[in-house]
file run.cif (mmCIF, C-alpha atoms)
data_entry
#
loop_
_atom_site.label_atom_id
_atom_site.label_comp_id
_atom_site.auth_asym_id
_atom_site.auth_seq_id
_atom_site.Cartn_x
_atom_site.Cartn_y
_atom_site.Cartn_z
CA MET A 1 6.64 88.13 43.27
CA ILE A 2 5.17 84.95 44.72
CA LEU A 3 1.65 85.29 46.14
CA VAL A 4 0.34 82.95 48.83
CA LEU A 5 -3.43 82.72 49.37
CA LEU A 6 -4.98 81.13 52.43
CA GLY A 7 -8.51 82.21 51.64
CA THR A 8 -11.36 82.95 54.03
CA ALA A 9 -11.80 79.59 55.77
CA SER A 10 -12.12 79.92 59.53
CA ASN A 11 -9.56 77.18 60.23
CA ASN A 12 -5.85 77.60 60.82
CA PHE A 13 -3.38 76.73 58.07
CA ASP A 14 -0.08 77.40 59.84
CA ARG A 15 1.45 74.32 58.19
CA LEU A 16 1.57 76.23 54.90
CA VAL A 17 2.61 79.59 56.36
CA LYS A 18 5.53 78.12 58.32
CA GLU A 19 6.90 76.28 55.28
CA VAL A 20 6.55 79.39 53.08
CA ASP A 21 8.38 81.40 55.75
CA LYS A 22 11.25 78.86 55.73
CA ILE A 23 11.48 78.96 51.93
CA ALA A 24 11.28 82.76 51.78
CA LYS A 25 14.24 83.09 54.16
CA LYS A 26 16.55 81.40 51.62
CA SER A 27 14.91 82.92 48.54
CA LYS A 28 15.66 86.17 46.72
CA LYS A 29 12.02 86.42 45.58
CA LYS A 30 9.47 88.70 47.17
CA PHE A 31 6.65 86.82 48.92
CA ILE A 32 3.25 88.31 49.71
CA VAL A 33 1.07 86.20 51.99
CA GLN A 34 -2.66 86.54 52.62
CA LEU A 35 -2.98 84.83 56.02
CA GLY A 36 -6.75 84.66 56.42
CA ASN A 37 -7.53 83.19 59.82
CA SER A 38 -4.14 81.56 60.38
CA LYS A 39 -2.36 82.50 63.56
CA TYR A 40 1.35 82.11 62.83
CA ARG A 41 3.08 85.43 62.06
CA PRO A 42 5.82 84.88 59.43
CA LYS A 43 9.12 86.76 59.58
CA ASN A 44 10.48 86.66 56.04
CA VAL A 45 7.51 87.79 53.97
CA SER A 46 5.04 90.65 53.57
CA PHE A 47 1.66 89.63 54.91
CA PHE A 48 -1.88 90.73 55.69
CA ASP A 49 -4.96 88.89 56.99
CA PHE A 50 -7.61 90.01 54.51
CA GLU A 51 -7.89 92.52 51.72
CA LYS A 52 -10.59 93.86 49.41
CA LYS A 53 -11.34 91.51 46.53
CA GLU A 54 -10.11 93.99 43.90
CA LYS A 55 -6.72 94.24 45.64
CA ILE A 56 -6.38 90.46 45.80
CA LEU A 57 -7.21 90.21 42.09
CA LYS A 58 -4.52 92.81 41.36
CA TYR A 59 -1.96 90.77 43.31
CA ILE A 60 -3.02 87.69 41.37
CA GLU A 61 -2.41 89.51 38.08
CA LYS A 62 1.06 90.63 39.17
CA ALA A 63 2.23 87.34 40.70
CA GLU A 64 4.73 85.16 38.88
CA ILE A 65 3.57 82.10 40.77
CA ILE A 66 0.69 81.62 43.20
CA ILE A 67 0.66 79.19 46.09
CA SER A 68 -2.97 78.67 46.97
CA GLN A 69 -4.97 76.69 49.45
CA GLY A 70 -7.32 74.24 47.75
CA GLY A 71 -10.55 76.16 48.12
CA PHE A 72 -12.75 76.54 45.05
CA GLY A 73 -12.93 80.33 45.30
CA SER A 74 -9.17 80.94 45.59
CA LEU A 75 -8.35 78.49 42.81
CA TYR A 76 -11.07 79.89 40.57
CA ASP A 77 -9.71 83.45 40.85
CA CYS A 78 -6.17 82.29 40.00
CA LEU A 79 -7.02 79.87 37.20
CA LYS A 80 -9.37 82.35 35.54
CA LYS A 81 -6.30 84.52 34.95
CA GLY A 82 -4.30 81.61 33.55
CA LYS A 83 -1.74 81.77 36.36
CA LYS A 84 0.79 79.14 37.41
CA VAL A 85 -0.67 77.68 40.60
CA VAL A 86 0.81 75.44 43.27
CA ALA A 87 -2.24 74.11 45.11
CA VAL A 88 -1.87 73.01 48.72
CA PRO A 89 -5.13 71.43 49.94
CA ARG A 90 -6.15 72.00 53.52
CA LEU A 91 -6.36 68.60 55.16
CA LYS A 92 -9.24 67.60 57.42
CA LYS A 93 -6.94 65.32 59.42
CA PHE A 94 -4.98 68.37 60.60
CA ASN A 95 -8.20 70.29 61.23
CA GLU A 96 -7.32 72.75 58.51
CA ALA A 97 -10.71 72.66 56.85
CA LYS A 98 -14.28 71.50 57.35
CA GLU A 99 -14.51 70.18 53.81
CA HIS A 100 -12.26 68.05 51.61
CA GLN A 101 -10.03 70.18 49.44
CA LYS A 102 -7.98 67.19 48.29
CA GLU A 103 -10.57 66.02 45.74
CA LEU A 104 -10.69 69.29 43.87
CA VAL A 105 -6.91 69.72 43.85
CA GLU A 106 -6.36 66.13 42.64
CA ALA A 107 -8.95 66.57 39.88
CA LEU A 108 -7.33 69.80 38.71
CA GLU A 109 -3.86 68.26 38.81
CA LYS A 110 -5.07 65.37 36.66
CA LYS A 111 -6.25 67.93 34.12
CA GLY A 112 -2.88 69.66 34.17
CA ARG A 113 -4.30 72.87 35.63
CA VAL A 114 -2.26 73.02 38.89
CA ILE A 115 0.73 71.47 40.64
CA ALA A 116 -0.51 69.74 43.80
CA VAL A 117 1.34 69.53 47.12
CA ASN A 118 0.10 67.19 49.85
CA ASP A 119 3.33 66.68 51.82
CA ILE A 120 4.44 70.16 52.77
CA GLU A 121 8.14 69.20 52.41
CA ASN A 122 7.48 69.03 48.65
CA LEU A 123 6.46 72.70 48.47
CA GLU A 124 9.91 74.04 47.63
CA HIS A 125 10.34 71.60 44.77
CA ALA A 126 6.83 72.36 43.50
CA ILE A 127 7.65 76.07 43.38
CA GLN A 128 10.72 75.33 41.26
CA LYS A 129 8.59 73.19 38.91
CA ALA A 130 6.03 75.96 38.65
CA TYR A 131 8.41 78.33 36.86
CA THR A 132 8.36 76.15 33.75
CA PHE A 133 4.84 74.77 34.24
CA GLN A 134 2.41 75.44 31.40
CA PRO A 135 -1.11 75.01 32.77
CA ASN A 136 -3.71 73.49 30.46
CA ASN A 137 -6.70 75.58 29.42
CA PRO A 138 -10.06 75.08 31.11
CA GLU A 139 -12.28 72.53 29.40
CA GLY A 140 -15.16 74.92 29.44
CA HIS A 141 -18.68 74.47 30.64
CA ARG A 142 -22.16 75.21 29.45
CA ILE A 143 -24.00 75.77 32.70
CA PRO A 144 -25.53 79.18 31.86
CA GLU A 145 -26.64 77.79 28.49
CA LEU A 146 -28.27 74.76 30.10
CA VAL A 147 -30.09 77.01 32.55
CA ARG A 148 -31.21 79.46 29.87
CA GLU A 149 -32.45 76.63 27.62
CA PHE A 150 -34.36 75.11 30.52
CA ILE A 151 -36.02 78.41 31.38
CA GLU A 152 -36.94 79.20 27.78
CA ASN A 153 -38.41 75.74 27.27
CA SER A 154 -40.41 76.02 30.48
CA LYS A 155 -42.14 79.25 29.54
CA MET B 1 -47.25 81.33 32.52
CA ASN B 2 -47.86 84.38 30.34
CA ARG B 3 -45.22 84.13 27.63
CA ASN B 4 -44.85 87.88 27.41
CA ALA B 5 -44.40 88.58 31.12
CA LYS B 6 -40.83 89.15 32.21
CA VAL B 7 -39.35 86.07 33.84
CA LYS B 8 -38.49 86.57 37.50
CA ILE B 9 -35.69 84.52 39.00
CA CYS B 10 -34.55 84.10 42.59
CA VAL B 11 -30.85 83.30 42.85
CA ILE B 12 -30.14 81.99 46.32
CA ALA B 13 -26.83 80.70 47.68
CA SER B 14 -24.66 80.61 50.79
CA ALA B 15 -22.22 83.51 50.91
CA GLY B 16 -18.74 82.56 49.76
CA GLY B 17 -17.98 80.00 47.08
CA HIS B 18 -21.61 78.99 46.51
CA LEU B 19 -22.69 82.58 45.88
CA THR B 20 -19.73 83.34 43.63
CA GLN B 21 -20.65 80.38 41.46
CA ALA B 22 -24.33 81.36 41.41
CA LEU B 23 -23.41 84.89 40.34
CA ARG B 24 -21.20 83.60 37.50
CA ILE B 25 -24.04 81.43 36.28
CA ALA B 26 -26.63 84.22 36.48
CA GLN B 27 -24.30 86.64 34.68
CA GLY B 28 -23.69 84.09 31.93
CA ILE B 29 -27.37 83.58 31.18
CA ASN B 30 -27.46 86.84 29.29
CA LYS B 31 -31.20 87.29 29.00
CA ASN B 32 -33.44 90.08 30.09
CA TYR B 33 -34.77 88.25 33.12
CA ASN B 34 -35.64 89.93 36.38
CA PHE B 35 -33.11 88.66 38.93
CA TYR B 36 -32.98 89.09 42.68
CA TYR B 37 -30.44 87.53 45.01
CA VAL B 38 -30.74 86.00 48.47
CA THR B 39 -27.81 85.17 50.73
CA TYR B 40 -26.54 85.91 54.25
CA TYR B 41 -24.20 88.54 55.59
CA LEU B 42 -20.43 88.31 55.33
CA PRO B 43 -18.00 91.24 55.20
CA HIS B 44 -17.72 92.46 51.57
CA ILE B 45 -21.13 90.98 50.65
CA ARG B 46 -22.63 94.41 50.01
CA GLN B 47 -19.69 95.15 47.73
CA LEU B 48 -20.20 91.89 45.83
CA LEU B 49 -23.93 92.52 45.37
CA LYS B 50 -23.64 96.23 44.63
CA GLY B 51 -26.23 97.32 42.10
CA LEU B 52 -28.06 94.00 42.34
CA LYS B 53 -31.43 93.59 44.02
CA HIS B 54 -30.80 91.44 47.07
CA TYR B 55 -32.02 90.27 50.47
CA LEU B 56 -29.93 89.02 53.40
CA ILE B 57 -31.40 86.32 55.62
CA LEU B 58 -30.15 84.19 58.47
CA ASN B 59 -27.59 81.44 57.91
CA PRO B 60 -29.07 78.48 59.81
CA HIS B 61 -25.74 76.79 60.73
CA LYS B 62 -27.61 73.47 61.18
CA ASN B 63 -29.50 75.01 64.14
CA LEU B 64 -33.22 74.20 64.22
CA PHE B 65 -34.29 77.52 65.66
CA LYS B 66 -32.24 79.41 63.08
CA TYR B 67 -33.85 77.31 60.37
CA LEU B 68 -37.25 78.46 61.62
CA VAL B 69 -36.16 82.09 61.43
CA ASN B 70 -34.72 81.48 57.97
CA PHE B 71 -38.00 79.81 56.98
CA PHE B 72 -40.14 82.80 57.90
CA GLN B 73 -37.72 85.25 56.30
CA SER B 74 -37.72 83.10 53.16
CA LEU B 75 -41.51 82.89 53.13
CA LYS B 76 -41.89 86.66 53.45
CA ILE B 77 -39.50 87.31 50.58
CA TYR B 78 -41.03 84.61 48.42
CA MET B 79 -44.59 85.85 48.86
CA LYS B 80 -43.46 89.36 47.96
CA GLU B 81 -41.49 88.34 44.87
CA ARG B 82 -43.21 85.17 43.57
CA PRO B 83 -40.33 84.14 41.29
CA ASN B 84 -41.00 81.83 38.32
CA PHE B 85 -37.67 80.09 38.84
CA ILE B 86 -35.25 79.52 41.69
CA ILE B 87 -31.58 78.99 40.89
CA THR B 88 -29.40 77.67 43.69
CA THR B 89 -25.93 76.21 44.25
CA GLY B 90 -26.78 75.41 47.90
CA SER B 91 -26.21 75.05 50.64
CA GLY B 92 -28.46 74.62 53.69
CA MET B 93 -29.63 78.23 53.89
CA ALA B 94 -31.36 77.87 50.51
CA VAL B 95 -33.43 74.81 51.40
CA PRO B 96 -36.47 76.56 52.95
CA THR B 97 -36.75 78.92 49.98
CA CYS B 98 -36.52 76.00 47.54
CA LEU B 99 -39.23 74.02 49.34
CA ILE B 100 -41.50 77.05 49.66
CA GLY B 101 -40.93 77.78 45.99
CA LYS B 102 -41.81 74.27 44.88
CA PHE B 103 -44.94 74.33 47.06
CA PHE B 104 -46.15 77.51 45.38
CA GLY B 105 -45.29 76.49 41.84
CA SER B 106 -41.82 77.86 41.07
CA LYS B 107 -39.43 75.66 39.15
CA LEU B 108 -36.18 74.69 40.88
CA ILE B 109 -32.83 74.77 39.10
CA TYR B 110 -30.03 73.21 41.16
CA ILE B 111 -26.33 73.32 40.34
CA GLU B 112 -24.01 71.26 42.55
CA SER B 113 -20.96 73.18 43.71
CA GLY B 114 -17.73 72.81 41.74
CA SER B 115 -15.95 71.84 44.93
CA ARG B 116 -17.90 68.55 44.95
CA VAL B 117 -15.80 66.27 42.76
CA LYS B 118 -16.23 62.71 44.04
CA SER B 119 -19.44 62.86 46.05
CA PRO B 120 -22.43 65.20 46.22
CA SER B 121 -23.34 67.56 49.04
CA LEU B 122 -26.07 66.84 51.59
CA THR B 123 -28.10 69.72 50.22
CA GLY B 124 -27.74 68.31 46.71
CA ARG B 125 -28.84 64.84 47.77
CA PHE B 126 -31.93 66.34 49.38
CA LEU B 127 -32.92 68.94 46.81
CA TYR B 128 -32.42 66.45 43.95
CA TYR B 129 -35.91 65.16 44.68
CA PHE B 130 -37.39 68.64 44.29
CA SER B 131 -35.33 69.91 41.37
CA ASP B 132 -36.72 70.37 37.90
CA ILE B 133 -33.20 70.33 36.53
CA PHE B 134 -30.12 69.12 38.44
CA ILE B 135 -26.72 70.08 37.03
CA VAL B 136 -23.37 68.69 38.19
CA GLN B 137 -19.89 70.02 37.44
CA TRP B 138 -17.91 66.77 37.61
CA ARG B 139 -18.76 63.52 35.84
CA SER B 140 -18.10 61.38 38.94
CA ILE B 141 -21.20 62.86 40.56
CA LEU B 142 -23.51 61.67 37.75
CA ARG B 143 -23.63 58.15 39.13
CA TYR B 144 -25.42 59.35 42.24
CA PHE B 145 -28.32 60.92 40.35
CA LYS B 146 -30.21 59.25 37.54
CA LYS B 147 -31.61 62.46 36.07
CA ALA B 148 -28.59 64.72 36.61
CA VAL B 149 -27.09 66.67 33.74
CA TYR B 150 -23.34 67.21 33.33
CA GLY B 151 -22.59 70.89 32.71
CA GLY B 152 -18.80 70.98 32.94
CA SER B 153 -16.91 72.78 35.67
CA LEU B 154 -16.99 76.52 36.20
CA ILE B 155 -13.36 76.40 37.27
#

call {"tool": "encode", "arguments": {"input": "run.cif", "output": "structure tokens"}}
result
Amino acid sequence: MILVLLGTASNNFDRLVKEVDKIAKKSKKKFIVQLGNSKYRPKNVSFFDFEKKEKILKYIEKAEIIISQGGFGSLYDCLKKGKKVVAVPRLKKFNEAKEHQKELVEALEKKGRVIAVNDIENLEHAIQKAYTFQPNNPEGHRIPELVREFIENSK
Amino acid sequence: MNRNAKVKICVIASAGGHLTQALRIAQGINKNYNFYYVTYYLPHIRQLLKGLKHYLILNPHKNLFKYLVNFFQSLKIYMKERPNFIITTGSGMAVPTCLIGKFFGSKLIYIESGSRVKSPSLTGRFLYYFSDIFIVQWRSILRYFKKAVYGGSLI
């Protein structure tokens, strides 16, 4: 099953939905698409607008590959589970987002965590690459530790 | 402060990605501090904050009048709770609370959102001058802030 996540952003992202619909028509795979606020109704996939967080997380677990918009929240949920992710950043120039998603997606691609797609015509090829893609592990962080240390030293 | 009194911490963040990151950080601190959370309403927010002490205030949306409302709501909550520390990941809705907190002697812990890779947020640029510790998730942001600390990325 291939899961497609458009997140909760208020902007349209029909560019991604239409391309997924085209690919799904030729594919034998099952596609599940979370549309968010996008308007285009696809014909060759299962879809819904929004779902409870737990349900989305369950879909993420079950998915073979995830195609995700470039929002921090969506990517975080997928990468936390070590999934193979094709990240398609929403582009400001097409009015798909209020904030730059390109930076985050590029940074994650550089670290070998996702496969990035900027030109939507490359989506099909990216999906094929994803099957054999081995994402790198997260580098880790120490933000809670830094905060805890700061608080304890401030007492 | 009295070393034996339980530390009280206000965790304030815009609903969505900012709040999710703030929650991760708070959960990772792993100390017996007294937390309460402040955000604004979105569907599923009650579910996300279930079991956690929280307040919902107005999201100012860059509107001056809404900022005034937010300010008085923030002041009321602050005077009731008097937290020792304020942890925030932004964005604009947290600013009045942070300023009020600094005025009355709380320490401000700011963590720039993980979606900011190449340049910092407006809220970050502003609250930097009021923060007692300023943590960034990507190294490219360090050059904007002399006293910033790199914490690694949550993602």

call {"tool": "interface_residues", "arguments": {"input": "run.cif", "of": "chain B", "to": "chain A", "cutoff": "6 Å", "atoms": "all atoms listed in the file", "output": "number ranges by chain"}}
result
B: 17, 25, 28-29, 115, 151-153, 155

call {"tool": "resolve_selection", "arguments": {"input": "run.cif", "expression": "the PyMOL selection byres ((chain B and resi 109) around 7)", "output": "count of residues only"}}
result
11

call {"tool": "residues_around", "arguments": {"input": "run.cif", "residues": "A:Glu64", "least_positions_apart": "3", "cutoff": "12 Å", "atoms": "only C-alpha atoms", "output": "list in words"}}
result
Met1, Ile2, Leu3, Val4, Lys29, Lys30, Phe31, Ile32, Tyr59, Ile60, Glu61, Ile67, Cys78, Lys81, Gly82, Lys83, Lys84, Val85, Val86, Ile127, Gln128, Ala130, Tyr131, Thr132 and Phe133 of chain A

call {"tool": "resolve_selection", "arguments": {"input": "run.cif", "expression": "the PyMOL selection byres ((chain A and resi 117) around 8)", "output": "PDB file with C-alpha atoms, keeping the file's coordinate frame"}}
result
ATOM      1  CA  VAL A  86       0.810  75.440  43.270  1.00  0.00           C
ATOM      2  CA  ALA A  87      -2.240  74.110  45.110  1.00  0.00           C
ATOM      3  CA  VAL A  88      -1.870  73.010  48.720  1.00  0.00           C
ATOM      4  CA  PRO A  89      -5.130  71.430  49.940  1.00  0.00           C
ATOM      5  CA  ILE A 115       0.730  71.470  40.640  1.00  0.00           C
ATOM      6  CA  ALA A 116      -0.510  69.740  43.800  1.00  0.00           C
ATOM      7  CA  ASN A 118       0.100  67.190  49.850  1.00  0.00           C
ATOM      8  CA  ASP A 119       3.330  66.680  51.820  1.00  0.00           C
ATOM      9  CA  ILE A 120       4.440  70.160  52.770  1.00  0.00           C
ATOM     10  CA  ASN A 122       7.480  69.030  48.650  1.00  0.00           C
ATOM     11  CA  LEU A 123       6.460  72.700  48.470  1.00  0.00           C
ATOM     12  CA  ALA A 126       6.830  72.360  43.500  1.00  0.00           C
TER      13      ALA A 126
END

call {"tool": "residues_around", "arguments": {"input": "run.cif", "residues": "B:Gly16", "least_positions_apart": "5", "cutoff": "12 Å", "atoms": "all atoms listed in the file", "output": "list in words"}}
result
Gly7, Thr8, Ala9, Gly71, Phe72, Gly73 and Ser74 of chain A; Gln21, Ala22, Leu23, Thr39, Tyr40, Tyr41, Leu42, Pro43, His44, Ile45, Leu48, Thr89, Gly90, Ser91 and Ser113 of chain B

call {"tool": "atom_distance", "arguments": {"input": "run.cif", "atom1": "atom CA of A:Tyr40", "atom2": "atom CA of A:Glu124"}}
result
19.2 Å

call {"tool": "residues_around", "arguments": {"input": "run.cif", "residues": "stretch 61-66 of chain B", "least_positions_apart": "5", "cutoff": "9 Å", "atoms": "all atoms listed in the file", "output": "mmCIF file with C-alpha atoms, in the frame of the given file"}}
result
data_model
loop_
_atom_site.group_PDB
_atom_site.id
_atom_site.type_symbol
_atom_site.label_atom_id
_atom_site.label_comp_id
_atom_site.auth_asym_id
_atom_site.auth_seq_id
_atom_site.Cartn_x
_atom_site.Cartn_y
_atom_site.Cartn_z
ATOM 1 C CA PHE B 71 -38.000 79.810 56.980
ATOM 2 C CA GLY B 92 -28.460 74.620 53.690
ATOM 3 C CA MET B 93 -29.630 78.230 53.890
#

call {"tool": "residues_around", "arguments": {"input": "run.cif", "residues": "stretch 20-28 of chain A", "least_positions_apart": "3", "cutoff": "7 Å", "atoms": "all atoms listed in the file", "output": "mmCIF file with C-alpha atoms, in the frame of the given file"}}
result
data_model
loop_
_atom_site.group_PDB
_atom_site.id
_atom_site.type_symbol
_atom_site.label_atom_id
_atom_site.label_comp_id
_atom_site.auth_asym_id
_atom_site.auth_seq_id
_atom_site.Cartn_x
_atom_site.Cartn_y
_atom_site.Cartn_z
ATOM 1 C CA LEU A 16 1.570 76.230 54.900
ATOM 2 C CA VAL A 17 2.610 79.590 56.360
ATOM 3 C CA PHE A 31 6.650 86.820 48.920
ATOM 4 C CA PRO A 42 5.820 84.880 59.430
ATOM 5 C CA LYS A 43 9.120 86.760 59.580
ATOM 6 C CA ASN A 44 10.480 86.660 56.040
ATOM 7 C CA VAL A 45 7.510 87.790 53.970
ATOM 8 C CA GLU A 124 9.910 74.040 47.630
#

call {"tool": "atom_distance", "arguments": {"input": "run.cif", "atom1": "atom CA of A:Asn153", "atom2": "atom CA of B:Tyr150"}}
result
18.3 Å

call {"tool": "resolve_selection", "arguments": {"input": "run.cif", "expression": "the PyMOL selection byres ((chain B and resi 99-103) around 8)", "output": "PyMOL selection string"}}
result
chain B and resi 74-75+78+83+86+95-98+104-108+130

call {"tool": "write_last_selection", "arguments": {"input": "run.cif", "atoms": "C-alpha atoms", "output": "mmCIF file, in the coordinates of the input"}}
result
data_model
loop_
_atom_site.group_PDB
_atom_site.id
_atom_site.type_symbol
_atom_site.label_atom_id
_atom_site.label_comp_id
_atom_site.auth_asym_id
_atom_site.auth_seq_id
_atom_site.Cartn_x
_atom_site.Cartn_y
_atom_site.Cartn_z
ATOM 1 C CA SER B 74 -37.720 83.100 53.160
ATOM 2 C CA LEU B 75 -41.510 82.890 53.130
ATOM 3 C CA TYR B 78 -41.030 84.610 48.420
ATOM 4 C CA PRO B 83 -40.330 84.140 41.290
ATOM 5 C CA ILE B 86 -35.250 79.520 41.690
ATOM 6 C CA VAL B 95 -33.430 74.810 51.400
ATOM 7 C CA PRO B 96 -36.470 76.560 52.950
ATOM 8 C CA THR B 97 -36.750 78.920 49.980
ATOM 9 C CA CYS B 98 -36.520 76.000 47.540
ATOM 10 C CA PHE B 104 -46.150 77.510 45.380
ATOM 11 C CA GLY B 105 -45.290 76.490 41.840
ATOM 12 C CA SER B 106 -41.820 77.860 41.070
ATOM 13 C CA LYS B 107 -39.430 75.660 39.150
ATOM 14 C CA LEU B 108 -36.180 74.690 40.880
ATOM 15 C CA PHE B 130 -37.390 68.640 44.290
#

call {"tool": "atom_distance", "arguments": {"input": "run.cif", "atom1": "atom CA of B:Gln27", "atom2": "atom CA of B:Arg82"}}
result
20.9 Å

call {"tool": "closest_residue", "arguments": {"input": "run.cif", "among": "A:Gln134, A:Gln69, A:Asn95, A:Asn12", "to": "A:Lys111", "atoms": "only C-alpha atoms"}}
result
A:Gln134

call {"tool": "residues_around", "arguments": {"input": "run.cif", "residues": "B:Tyr144", "least_positions_apart": "5", "cutoff": "10 Å", "atoms": "only C-alpha atoms", "output": "MDAnalysis selection string"}}
result
chainID B and resid 118:120 125

call {"tool": "closest_residue", "arguments": {"input": "run.cif", "among": "A:Lys129, A:Arg90, A:Lys62, A:Lys55", "to": "A:Gln34", "atoms": "all atoms listed in the file"}}
result
A:Lys55

call {"tool": "axis_aligned_box", "arguments": {"input": "run.cif", "around": "stretch 136-145 of chain B", "padding_each_side": "8 Å", "output": "lines of an AutoDock Vina configuration file"}}
result
center_x = -23.1
center_y = 64.1
center_z = 39.0
size_x = 26.4
size_y = 27.9
size_z = 22.4
